[in-house]
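Data file: start-v6.cif. Format and content: mmCIF, C-alpha atoms.
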data_final
#
loop_
_atom_site.label_atom_id
_atom_site.label_comp_id
_atom_site.auth_asym_id
_atom_site.auth_seq_id
_atom_site.Cartn_x
_atom_site.Cartn_y
_atom_site.Cartn_z
CA MET A 1 14.96 -6.86 26.25
CA THR A 2 14.51 -7.44 29.95
CA ASP A 3 11.18 -7.46 31.68
CA ASP A 4 12.59 -5.19 34.37
CA THR A 5 11.81 -2.15 32.29
CA LEU A 6 8.68 -3.40 30.55
CA PRO A 7 5.52 -2.15 32.27
CA ALA A 8 2.99 -4.84 33.19
CA THR A 9 0.28 -3.89 30.69
CA LEU A 10 2.70 -3.84 27.77
CA ALA A 11 4.04 -7.23 28.86
CA GLU A 12 0.50 -8.62 29.05
CA ILE A 13 -0.32 -7.32 25.58
CA ARG A 14 2.86 -8.87 24.20
CA ASP A 15 2.17 -12.23 25.83
CA GLU A 16 -1.38 -12.18 24.53
CA PHE A 17 -0.15 -11.69 20.95
CA LEU A 18 2.55 -14.34 21.27
CA SER A 19 0.12 -16.92 22.64
CA LEU A 20 -1.88 -16.77 19.40
CA GLU A 21 -1.38 -18.28 15.96
CA VAL A 22 -0.13 -15.75 13.42
CA LYS A 23 -3.57 -15.50 11.79
CA ASP A 24 -5.30 -14.82 15.08
CA ARG A 25 -2.81 -12.08 15.91
CA LEU A 26 -4.40 -10.08 13.09
CA GLN A 27 -7.81 -10.51 14.71
CA LEU A 28 -6.42 -9.31 18.03
CA LEU A 29 -4.88 -6.30 16.33
CA LEU A 30 -8.30 -5.57 14.83
CA GLU A 31 -9.84 -5.71 18.31
CA PHE A 32 -7.32 -3.16 19.49
CA ALA A 33 -8.13 -1.01 16.45
CA ASN A 34 -11.80 -1.03 17.41
CA GLU A 35 -10.95 -0.05 20.98
CA LEU A 36 -9.00 3.10 20.12
CA PRO A 37 -10.83 5.79 22.08
CA GLU A 38 -12.19 8.88 20.37
CA LEU A 39 -10.19 12.05 20.91
CA PRO A 40 -11.41 14.26 23.76
CA GLU A 41 -13.09 17.42 22.52
CA ARG A 42 -10.16 19.67 23.30
CA TYR A 43 -8.16 17.84 20.63
CA ALA A 44 -10.94 16.86 18.28
CA ASP A 45 -11.53 20.55 17.66
CA HIS A 46 -7.83 21.35 17.40
CA PRO A 47 -6.15 19.15 14.83
CA ASP A 48 -3.26 21.64 14.77
CA LEU A 49 -2.18 20.46 18.22
CA LEU A 50 -1.60 16.94 17.00
CA GLU A 51 1.61 15.68 15.48
CA ARG A 52 1.45 13.60 12.35
CA VAL A 53 3.55 10.44 12.42
CA GLU A 54 4.98 10.55 8.92
CA GLU A 55 6.58 7.13 9.01
CA CYS A 56 3.23 5.38 9.14
CA GLN A 57 1.70 4.51 5.79
CA SER A 58 -1.61 5.95 6.86
CA PRO A 59 -2.25 9.27 8.55
CA VAL A 60 -2.03 8.98 12.31
CA PHE A 61 -1.84 11.87 14.71
CA ILE A 62 -0.72 11.82 18.31
CA PHE A 63 -0.60 14.15 21.27
CA VAL A 64 0.99 13.49 24.65
CA GLU A 65 0.01 15.14 27.92
CA VAL A 66 2.18 14.94 31.01
CA SER A 67 0.37 15.82 34.22
CA PRO A 68 2.00 17.79 37.08
CA GLU A 69 2.39 14.38 38.80
CA GLN A 70 4.42 13.28 35.74
CA VAL A 71 1.75 10.84 34.56
CA VAL A 72 1.64 10.41 30.79
CA HIS A 73 -1.52 10.39 28.72
CA LEU A 74 -1.29 9.53 25.04
CA PHE A 75 -4.02 10.57 22.59
CA ALA A 76 -4.07 9.21 19.07
CA THR A 77 -6.35 9.29 16.08
CA ALA A 78 -6.30 7.51 12.73
CA PRO A 79 -9.04 6.98 10.17
CA ARG A 80 -11.38 3.99 10.27
CA GLU A 81 -9.96 2.97 6.89
CA SER A 82 -6.58 2.41 8.55
CA PRO A 83 -7.29 -0.36 11.06
CA THR A 84 -3.66 -1.52 11.32
CA THR A 85 -2.46 1.93 12.26
CA ARG A 86 -5.36 2.32 14.69
CA GLY A 87 -4.43 -1.02 16.22
CA PHE A 88 -0.81 0.06 16.73
CA ALA A 89 -1.90 3.33 18.31
CA SER A 90 -4.43 1.57 20.51
CA ILE A 91 -1.81 -0.85 21.85
CA LEU A 92 0.31 2.09 22.93
CA VAL A 93 -2.62 4.07 24.34
CA GLN A 94 -3.61 1.08 26.50
CA GLY A 95 -0.11 -0.10 27.25
CA LEU A 96 1.21 3.29 28.34
CA ALA A 97 -1.89 4.31 30.32
CA ASP A 98 -1.13 5.62 33.81
CA LEU A 99 2.63 5.27 33.44
CA THR A 100 4.99 7.99 34.58
CA ALA A 101 7.21 9.87 32.19
CA ASP A 102 10.24 7.91 33.37
CA GLN A 103 8.47 4.60 32.85
CA VAL A 104 7.43 5.55 29.32
CA LEU A 105 10.95 6.63 28.45
CA ALA A 106 12.26 3.30 29.75
CA VAL A 107 10.05 1.24 27.43
CA PRO A 108 12.42 -0.61 25.11
CA ASP A 109 12.43 0.89 21.62
CA ASP A 110 12.09 -2.56 20.09
CA TYR A 111 8.83 -3.32 21.90
CA PRO A 112 6.80 -3.25 18.62
CA GLN A 113 9.12 -5.87 17.17
CA THR A 114 8.46 -8.24 20.07
CA LEU A 115 4.73 -8.71 19.43
CA GLY A 116 5.18 -11.36 16.78
CA LEU A 117 3.48 -9.19 14.17
CA ALA A 118 6.26 -9.05 11.58
CA GLU A 119 5.01 -12.21 9.90
CA ALA A 120 1.36 -11.21 10.13
CA VAL A 121 1.55 -7.62 8.95
CA SER A 122 5.12 -7.36 7.53
CA PRO A 123 8.21 -5.78 9.15
CA LEU A 124 7.67 -2.60 7.12
CA ARG A 125 4.33 -1.95 8.79
CA VAL A 126 5.66 -2.81 12.24
CA ARG A 127 8.15 0.00 11.70
CA GLY A 128 5.23 2.40 11.68
CA MET A 129 4.47 1.38 15.25
CA ALA A 130 8.11 1.84 16.25
CA ALA A 131 7.86 5.39 14.88
CA LEU A 132 4.72 5.98 16.96
CA LEU A 133 6.57 4.90 20.08
CA SER A 134 9.63 7.02 19.38
CA ARG A 135 7.54 10.13 18.70
CA THR A 136 5.54 9.51 21.84
CA LYS A 137 8.78 9.36 23.83
CA ARG A 138 10.04 12.54 22.22
CA GLN A 139 6.89 14.41 23.20
CA VAL A 140 7.19 13.03 26.73
CA ARG A 141 10.75 14.34 26.91
CA GLU A 142 9.61 17.76 25.71
CA ARG A 143 6.73 17.95 28.15
CA ALA A 144 8.09 16.28 31.25
CA ALA A 145 9.29 18.77 33.83
CA MET B 1 -16.38 -20.95 -19.10
CA PRO B 2 -15.11 -17.45 -19.78
CA VAL B 3 -16.90 -14.67 -17.96
CA PRO B 4 -18.18 -12.05 -20.44
CA HIS B 5 -16.74 -8.56 -20.43
CA ASP B 6 -18.45 -5.56 -18.98
CA PRO B 7 -20.00 -3.72 -21.96
CA SER B 8 -20.29 -0.37 -20.11
CA PRO B 9 -19.96 2.52 -22.59
CA LYS B 10 -17.42 4.23 -20.32
CA PHE B 11 -14.96 1.38 -20.79
CA ALA B 12 -15.36 1.26 -24.58
CA GLN B 13 -13.25 4.42 -24.87
CA TYR B 14 -10.20 2.68 -23.41
CA ALA B 15 -7.70 0.60 -25.36
CA HIS B 16 -8.52 -2.57 -23.41
CA PRO B 17 -12.06 -2.30 -22.04
CA GLU B 18 -11.94 -5.93 -20.94
CA ARG B 19 -9.62 -4.98 -18.10
CA LEU B 20 -12.29 -3.05 -16.18
CA VAL B 21 -15.60 -3.95 -14.59
CA SER B 22 -18.15 -1.68 -12.94
CA THR B 23 -19.68 -2.12 -9.51
CA GLU B 24 -23.09 -2.85 -11.10
CA TRP B 25 -21.59 -5.52 -13.32
CA LEU B 26 -19.79 -7.16 -10.41
CA GLN B 27 -22.83 -7.07 -8.16
CA GLU B 28 -24.74 -9.19 -10.66
CA ARG B 29 -21.96 -11.73 -11.05
CA LEU B 30 -20.84 -12.33 -7.49
CA ASP B 31 -22.10 -15.91 -7.68
CA ASP B 32 -20.52 -16.70 -11.04
CA PRO B 33 -18.39 -19.81 -10.47
CA GLY B 34 -15.82 -18.73 -13.06
CA LEU B 35 -15.04 -15.52 -11.22
CA VAL B 36 -13.13 -14.82 -8.01
CA VAL B 37 -13.10 -11.38 -6.39
CA VAL B 38 -9.84 -10.46 -4.68
CA GLU B 39 -9.36 -7.52 -2.29
CA SER B 40 -5.89 -6.02 -2.05
CA ASP B 41 -5.36 -3.01 0.21
CA GLU B 42 -2.63 -0.90 1.64
CA ASP B 43 -3.88 -1.72 5.12
CA VAL B 44 -3.48 -5.41 5.89
CA LEU B 45 -6.53 -5.38 8.21
CA LEU B 46 -9.01 -3.48 6.09
CA TYR B 47 -10.43 -6.64 4.51
CA GLU B 48 -11.20 -7.96 7.99
CA THR B 49 -13.33 -4.92 8.79
CA GLY B 50 -15.66 -5.83 5.91
CA HIS B 51 -15.33 -6.80 2.25
CA ILE B 52 -17.39 -7.60 -0.84
CA PRO B 53 -19.32 -10.84 -0.22
CA GLY B 54 -17.31 -13.82 -1.43
CA ALA B 55 -14.10 -11.83 -1.90
CA VAL B 56 -10.78 -13.32 -0.78
CA LYS B 57 -7.82 -11.27 0.40
CA ILE B 58 -4.32 -11.04 -1.03
CA ASP B 59 -1.88 -8.83 0.81
CA TRP B 60 0.77 -7.08 -1.27
CA HIS B 61 3.42 -7.52 1.36
CA THR B 62 2.85 -10.80 3.17
CA ASP B 63 1.51 -12.70 0.13
CA LEU B 64 3.20 -11.27 -2.95
CA ASN B 65 6.67 -10.27 -1.73
CA ASP B 66 9.35 -12.82 -0.90
CA PRO B 67 10.01 -12.65 2.85
CA VAL B 68 13.79 -12.82 2.43
CA HIS B 69 14.88 -11.46 -0.95
CA ARG B 70 13.74 -8.14 -2.32
CA ASP B 71 11.71 -9.79 -5.03
CA PHE B 72 8.28 -11.21 -5.62
CA VAL B 73 7.33 -14.73 -4.63
CA ASP B 74 8.32 -17.54 -6.99
CA GLY B 75 6.09 -19.71 -9.14
CA GLU B 76 5.55 -22.32 -6.44
CA ALA B 77 4.51 -19.82 -3.78
CA PHE B 78 2.22 -18.05 -6.26
CA ALA B 79 0.61 -21.37 -7.24
CA ARG B 80 0.10 -22.22 -3.57
CA LEU B 81 -1.40 -18.80 -2.88
CA LEU B 82 -3.84 -18.77 -5.79
CA GLY B 83 -4.76 -22.46 -5.62
CA GLY B 84 -5.46 -22.04 -1.91
CA LYS B 85 -7.90 -19.22 -2.67
CA GLY B 86 -9.76 -21.33 -5.19
CA ILE B 87 -8.31 -19.53 -8.21
CA ALA B 88 -7.50 -21.68 -11.24
CA ARG B 89 -5.37 -20.62 -14.17
CA ASP B 90 -8.46 -19.84 -16.26
CA THR B 91 -10.41 -18.12 -13.48
CA THR B 92 -11.54 -14.55 -14.10
CA VAL B 93 -10.02 -12.52 -11.28
CA VAL B 94 -11.55 -9.16 -10.36
CA LEU B 95 -9.27 -7.14 -8.12
CA TYR B 96 -10.32 -4.18 -6.02
CA GLY B 97 -8.90 -2.24 -3.11
CA ASP B 98 -8.57 0.97 -1.19
CA LYS B 99 -6.97 4.24 -2.29
CA SER B 100 -8.29 4.27 -5.88
CA ASN B 101 -7.13 0.69 -6.44
CA TRP B 102 -3.50 1.61 -5.90
CA TRP B 103 -2.66 -1.74 -4.29
CA ALA B 104 -5.12 -3.68 -6.39
CA ALA B 105 -3.26 -2.41 -9.46
CA TYR B 106 -0.01 -3.57 -7.89
CA ALA B 107 -1.50 -7.05 -7.36
CA LEU B 108 -2.78 -7.01 -10.94
CA TRP B 109 0.69 -6.18 -12.18
CA VAL B 110 2.17 -9.09 -10.17
CA PHE B 111 -0.52 -11.41 -11.58
CA THR B 112 0.65 -10.21 -15.00
CA LEU B 113 4.24 -11.22 -14.21
CA PHE B 114 2.91 -14.73 -13.79
CA GLY B 115 0.91 -14.50 -17.00
CA HIS B 116 -2.50 -14.88 -15.37
CA GLU B 117 -4.57 -13.92 -18.35
CA ASP B 118 -7.98 -12.80 -17.24
CA VAL B 119 -7.40 -10.29 -14.49
CA ARG B 120 -9.54 -7.15 -14.21
CA LEU B 121 -9.94 -4.16 -11.93
CA LEU B 122 -13.15 -2.99 -10.33
CA ASP B 123 -13.40 0.63 -11.49
CA GLY B 124 -13.64 2.81 -8.38
CA GLY B 125 -12.51 0.00 -6.09
CA ARG B 126 -13.51 -0.37 -2.49
CA ASP B 127 -14.46 3.28 -2.02
CA LYS B 128 -17.02 3.32 -4.80
CA TRP B 129 -18.55 0.02 -3.70
CA ILE B 130 -19.02 1.45 -0.21
CA ALA B 131 -20.14 4.89 -1.42
CA GLU B 132 -22.95 3.20 -3.34
CA GLY B 133 -24.12 1.50 -0.17
CA ARG B 134 -23.42 -1.99 -1.48
CA GLU B 135 -23.16 -4.93 0.86
CA LEU B 136 -20.03 -5.70 2.88
CA THR B 137 -19.45 -8.73 5.04
CA THR B 138 -16.85 -9.84 7.56
CA GLU B 139 -17.52 -13.47 6.67
CA VAL B 140 -14.43 -15.05 5.13
CA PRO B 141 -15.46 -17.34 2.27
CA ASN B 142 -14.48 -20.96 2.51
CA ARG B 143 -13.32 -21.60 -1.02
CA THR B 144 -12.35 -25.08 -2.13
CA PRO B 145 -8.67 -25.15 -3.04
CA VAL B 146 -7.92 -25.91 -6.66
CA GLU B 147 -4.83 -26.81 -8.62
CA TYR B 148 -2.92 -23.80 -9.92
CA PRO B 149 0.05 -24.64 -12.15
CA VAL B 150 3.56 -23.64 -11.14
CA VAL B 151 4.39 -20.92 -13.65
CA GLU B 152 7.73 -19.17 -13.50
CA ARG B 153 7.50 -15.41 -13.51
CA SER B 154 8.27 -13.67 -16.75
CA ASP B 155 9.80 -10.34 -15.75
CA GLU B 156 11.08 -9.12 -19.11
CA GLU B 157 7.97 -7.66 -20.59
CA VAL B 158 6.44 -5.53 -17.85
CA ARG B 159 9.16 -5.22 -15.22
CA ALA B 160 12.27 -3.05 -15.38
CA PHE B 161 15.39 -3.41 -13.27
CA LYS B 162 17.98 -0.75 -12.49
CA ASP B 163 20.19 -1.78 -15.40
CA ASP B 164 17.20 -1.58 -17.74
CA VAL B 165 16.62 1.99 -16.61
CA LEU B 166 20.28 2.88 -17.16
CA ALA B 167 19.99 1.50 -20.69
CA HIS B 168 16.68 3.28 -21.22
CA PHE B 169 17.86 6.91 -21.32
CA GLY B 170 16.52 8.67 -24.37
CA ASN B 171 13.17 6.94 -23.88
CA PRO B 172 10.39 8.30 -21.67
CA LEU B 173 10.34 7.81 -17.93
CA ILE B 174 7.40 8.70 -15.71
CA ASP B 175 7.97 9.54 -12.04
CA VAL B 176 4.64 9.07 -10.25
CA ARG B 177 5.69 10.25 -6.78
CA SER B 178 4.62 13.49 -5.12
CA PRO B 179 6.20 16.73 -6.38
CA GLU B 180 8.21 17.01 -3.13
CA GLU B 181 9.75 13.60 -3.70
CA TYR B 182 10.44 14.44 -7.35
CA THR B 183 12.34 17.62 -6.62
CA GLY B 184 14.27 15.97 -3.81
CA GLU B 185 12.95 18.42 -1.27
CA ARG B 186 11.86 15.52 0.81
CA THR B 187 13.96 12.45 1.51
CA GLU B 188 13.49 11.97 5.21
CA ILE B 189 11.94 13.52 8.26
CA PRO B 190 14.61 15.29 10.33
CA GLY B 191 15.84 13.08 13.14
CA TYR B 192 13.80 10.06 12.14
CA PRO B 193 15.18 7.25 10.06
CA THR B 194 12.68 6.01 7.49
CA GLU B 195 12.95 3.24 4.96
CA SER B 196 13.53 5.96 2.42
CA ALA B 197 16.51 6.53 0.14
CA LEU B 198 19.88 8.09 0.87
CA ARG B 199 19.54 10.73 -1.84
CA GLY B 200 16.61 12.83 -3.03
CA GLY B 201 15.58 13.84 -6.53
CA HIS B 202 14.52 11.95 -9.65
CA ILE B 203 15.93 9.90 -12.50
CA PRO B 204 17.18 12.28 -15.23
CA THR B 205 14.60 13.11 -17.94
CA ALA B 206 11.68 11.60 -15.98
CA ALA B 207 8.41 13.50 -16.30
CA SER B 208 6.58 14.14 -13.06
CA VAL B 209 3.01 12.81 -13.18
CA PRO B 210 1.76 11.94 -9.68
CA TRP B 211 -0.15 8.67 -9.96
CA ALA B 212 -3.40 9.94 -8.44
CA ARG B 213 -3.93 12.36 -11.32
CA ALA B 214 -5.29 9.39 -13.25
CA ALA B 215 -8.04 8.88 -10.69
CA ALA B 216 -11.27 10.84 -10.45
CA ALA B 217 -12.75 12.01 -7.14
CA ASP B 218 -14.87 8.86 -6.88
CA SER B 219 -11.74 6.67 -7.28
CA THR B 220 -12.67 5.58 -10.81
CA PHE B 221 -10.29 6.14 -13.70
CA LYS B 222 -10.58 9.44 -15.53
CA SER B 223 -11.94 9.46 -19.06
CA ARG B 224 -9.82 8.60 -22.06
CA ASP B 225 -9.68 12.26 -23.11
CA GLU B 226 -8.55 13.39 -19.69
CA LEU B 227 -5.89 10.70 -19.53
CA ASP B 228 -4.65 11.54 -23.02
CA ALA B 229 -4.35 15.18 -22.00
CA ILE B 230 -2.22 14.24 -19.00
CA TYR B 231 0.06 11.58 -20.44
CA ARG B 232 0.29 12.56 -24.12
CA ASP B 233 -0.13 16.34 -24.20
CA GLU B 234 1.48 17.14 -20.88
CA ALA B 235 4.03 14.40 -20.24
CA GLY B 236 4.80 14.05 -23.96
CA LEU B 237 4.19 10.34 -24.55
CA SER B 238 3.33 9.25 -28.07
CA ASP B 239 2.41 6.03 -29.85
CA GLY B 240 5.17 3.50 -30.06
CA ASP B 241 6.98 4.83 -27.01
CA ASP B 242 8.86 2.49 -24.73
CA VAL B 243 7.92 3.75 -21.26
CA ILE B 244 9.18 3.00 -17.74
CA ALA B 245 7.25 4.19 -14.69
CA TYR B 246 8.58 4.28 -11.14
CA CYS B 247 7.75 5.54 -7.66
CA ARG B 248 9.22 4.57 -4.30
CA ILE B 249 8.79 0.80 -4.24
CA GLY B 250 6.76 0.20 -7.39
CA GLU B 251 3.25 0.31 -5.95
CA ARG B 252 1.97 3.69 -7.09
CA SER B 253 3.64 3.16 -10.45
CA SER B 254 1.64 -0.06 -10.92
CA HIS B 255 -1.43 2.13 -11.05
CA THR B 256 0.17 4.28 -13.75
CA TRP B 257 1.40 1.15 -15.53
CA PHE B 258 -2.23 -0.04 -15.71
CA VAL B 259 -3.35 3.30 -17.12
CA LEU B 260 -0.65 3.43 -19.78
CA LYS B 261 -0.84 -0.23 -20.75
CA HIS B 262 -4.52 -1.07 -20.57
CA LEU B 263 -6.39 2.22 -20.76
CA LEU B 264 -4.20 4.18 -23.19
CA GLY B 265 -2.86 1.15 -25.03
CA PHE B 266 0.90 1.74 -24.98
CA ASP B 267 2.43 -1.59 -25.99
CA LYS B 268 5.69 -1.35 -24.17
CA VAL B 269 5.30 -0.17 -20.59
CA ARG B 270 7.41 -1.44 -17.74
CA ASN B 271 7.22 -0.82 -14.01
CA TYR B 272 10.56 -0.27 -12.26
CA ASP B 273 9.70 -1.73 -8.85
CA GLY B 274 13.16 -1.09 -7.41
CA SER B 275 12.12 2.53 -7.84
CA TRP B 276 13.46 5.33 -5.67
CA THR B 277 14.34 3.15 -2.68
CA GLU B 278 16.86 1.46 -4.95
CA TRP B 279 17.86 4.30 -7.28
CA GLY B 280 18.18 6.89 -4.51
CA SER B 281 20.51 4.60 -2.57
CA ALA B 282 22.52 3.16 -5.46
CA VAL B 283 26.13 4.27 -5.91
CA ARG B 284 26.99 6.50 -8.86
CA VAL B 285 23.69 6.57 -10.68
CA PRO B 286 22.70 9.93 -12.16
CA ILE B 287 20.18 12.00 -10.20
CA VAL B 288 18.53 15.34 -10.93
CA ARG B 289 17.31 17.59 -8.14
CA GLY B 290 14.73 20.31 -8.53
CA PRO B 291 11.68 20.68 -10.75
CA GLU B 292 13.44 20.37 -14.14
CA ARG B 293 13.51 16.99 -15.87
CA GLY B 294 17.20 17.22 -16.65
CA GLU B 295 19.24 15.99 -19.60
CA VAL B 296 20.07 12.50 -20.79
CA PRO B 297 23.28 11.66 -18.90
CA SER B 298 26.36 11.29 -21.08
CA ALA B 299 27.51 7.69 -21.05
#
Before we go any further, please render this structure as structure tokens.
Amino acid sequence: MTDDTLPATLAEIRDEFLSLEVKDRLQLLLEFANELPELPERYADHPDLLERVEECQSPVFIFVEVSPEQVVHLFATAPRESPTTRGFASILVQGLADLTADQVLAVPDDYPQTLGLAEAVSPLRVRGMAALLSRTKRQVRERAA
Amino acid sequence: MPVPHDPSPKFAQYAHPERLVSTEWLQERLDDPGLVVVESDEDVLLYETGHIPGAVKIDWHTDLNDPVHRDFVDGEAFARLLGGKGIARDTTVVLYGDKSNWWAAYALWVFTLFGHEDVRLLDGGRDKWIAEGRELTTEVPNRTPVEYPVVERSDEEVRAFKDDVLAHFGNPLIDVRSPEEYTGERTEIPGYPTESALRGGHIPTAASVPWARAAAADSTFKSRDELDAIYRDEAGLSDGDDVIAYCRIGERSSHTWFVLKHLLGFDKVRNYDGSWTEWGSAVRVPIVRGPERGEVPSA
């Protein structure tokens, strides 16, 4: 992976995880989980608009908006009882904020594997985050002009 | 000193009442030095959001599975894990977790592989504890490490491998996955690789009994009568049967294993942890698609 294609916020999040001991990476993931914003009303009232990410062990739903200026906005929701999944979603919501469709599509697919979380949460669970990213990209492709 | 059993009348109906404790019982014994409470969840971070005071955490994936081989940890790693959590060989361990104790039952089954004798489940698990408004804390207990002996796993009695299943035809098999997984309708999501199997369906002759049917709405186990109706009357099990349960990776079937072994008292029950991720990808093993159980394959 080259940093040429990795947006600054995602790179910062990665470096923050890698600077910590494995145990503390879990705590950081929990902080992200707690920061996942609530869905805006237009989605909270319309669960049918959201796409379920089946590969995650816990239910997580996402929806991507692409503005006329081609700026991507990712919305995600997962239950409080699924903090790991919430943490994964929150990393992407923060890391992809204000990026253009092209920038999102250029994010390396293996980004979730670069956070040093495999040891802390297991490779199986990290795969759930990879699925979140790939579904986000697919929705961007569908919605970008 | 051994910790007494929970005398709740509900548990007396089961074959091995000593394997369950109630939330009330546990609440009163949280400070008992002979007892350690262990939380085991599907979500690796759930414990960190709040847990029963004094409880330690054991994660099914990062603690109990070998990081390299598809197998459980060995005796040395298990001894290190338990000793480090202040659990001695004669400690009473009470396990609880999310999702009707699905993962706690898996941990209990792994403890059984190592012959840890006194291991019990909190009936209703994490959900019931919370629903009753009982205390949670984010404080991680600082338990003094103790010596836990290095015990080699004994897999024969409660664990089945693929070859055991192939040799088992003619005896009952219980498939605890969802009906869609059982029929083979669902193996993967179109266009998305999962860690699923290459083929869909079920092992010939297996009865479909989704694991969660054994759990009541409040996450506790259903009554003896209800469980008998499901596993004996419906699935056709009877006394003396040699039973193998399986799911996708052996987690949900640990829950069923607990029900059959400890609540209904079947002597010979094994969990096939290779389950569908192994069977559904293995070359030339028999598979049945659709809702019918299928026939015993001819050798």
Could you list, as a VMD selection string, every residue within 12 Å of segment 105-108 of chain A, counting only C-alpha atoms and ignoring same-chain residues fewer than 5 positions away?
chain A and resid 1 to 11 70 to 72 92 95 to 96 99 to 100 113 to 114 130 133 to 142 144
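Residues from chain B found within 8 Å of chain A are Asp43, Val44, Leu45, Leu46, Glu48, Thr49, His61, Thr62, Ile189 and Thr194 of chain B, counting all atoms listed in the file.
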Just say which residues the PyMOL selection byres ((chain A and resi 36) around 10) picks in this file, as a PDB file with C-alpha atoms, in the frame of the given file.
ATOM      1  CA  GLU A  31      -9.840  -5.710  18.310  1.00  0.00           C
ATOM      2  CA  PHE A  32      -7.320  -3.160  19.490  1.00  0.00           C
ATOM      3  CA  ALA A  33      -8.130  -1.010  16.450  1.00  0.00           C
ATOM      4  CA  ASN A  34     -11.800  -1.030  17.410  1.00  0.00           C
ATOM      5  CA  GLU A  35     -10.950  -0.050  20.980  1.00  0.00           C
ATOM      6  CA  PRO A  37     -10.830   5.790  22.080  1.00  0.00           C
ATOM      7  CA  GLU A  38     -12.190   8.880  20.370  1.00  0.00           C
ATOM      8  CA  LEU A  39     -10.190  12.050  20.910  1.00  0.00           C
ATOM      9  CA  PHE A  75      -4.020  10.570  22.590  1.00  0.00           C
ATOM     10  CA  ALA A  76      -4.070   9.210  19.070  1.00  0.00           C
ATOM     11  CA  THR A  77      -6.350   9.290  16.080  1.00  0.00           C
ATOM     12  CA  ALA A  78      -6.300   7.510  12.730  1.00  0.00           C
ATOM     13  CA  PRO A  83      -7.290  -0.360  11.060  1.00  0.00           C
ATOM     14  CA  ARG A  86      -5.360   2.320  14.690  1.00  0.00           C
ATOM     15  CA  GLY A  87      -4.430  -1.020  16.220  1.00  0.00           C
ATOM     16  CA  PHE A  88      -0.810   0.060  16.730  1.00  0.00           C
ATOM     17  CA  ALA A  89      -1.900   3.330  18.310  1.00  0.00           C
ATOM     18  CA  SER A  90      -4.430   1.570  20.510  1.00  0.00           C
ATOM     19  CA  ILE A  91      -1.810  -0.850  21.850  1.00  0.00           C
ATOM     20  CA  LEU A  92       0.310   2.090  22.930  1.00  0.00           C
ATOM     21  CA  VAL A  93      -2.620   4.070  24.340  1.00  0.00           C
ATOM     22  CA  GLN A  94      -3.610   1.080  26.500  1.00  0.00           C
TER      23      GLN A  94
END
Skip Ser275 of chain B itself and residues of its chain fewer than 3 positions away, then list as a compact mmCIF listing (two decimals) with C-alpha atoms, in the coordinates of the input all residues within 6 Å of it, counting all atoms listed in the file.
# COMPACT_ATOMS: atom_id res chain seq x y z
CA TYR B 246 8.58 4.28 -11.14
CA CYS B 247 7.75 5.54 -7.66
CA ARG B 248 9.22 4.57 -4.30
CA ILE B 249 8.79 0.80 -4.24
CA GLY B 250 6.76 0.20 -7.39
CA TYR B 272 10.56 -0.27 -12.26
CA GLU B 278 16.86 1.46 -4.95
I'd like the interatomic distance between atom CA of Pro291 of chain B and atom CA of Ser178 of chain B, to a tenth of an Å.
11.5 Å
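Using only C-alpha atoms, the smallest distance between any of B:Asp31, B:Asp123, B:Glu152, B:Asp242 and Ala77 of chain B comes from B:Glu152.
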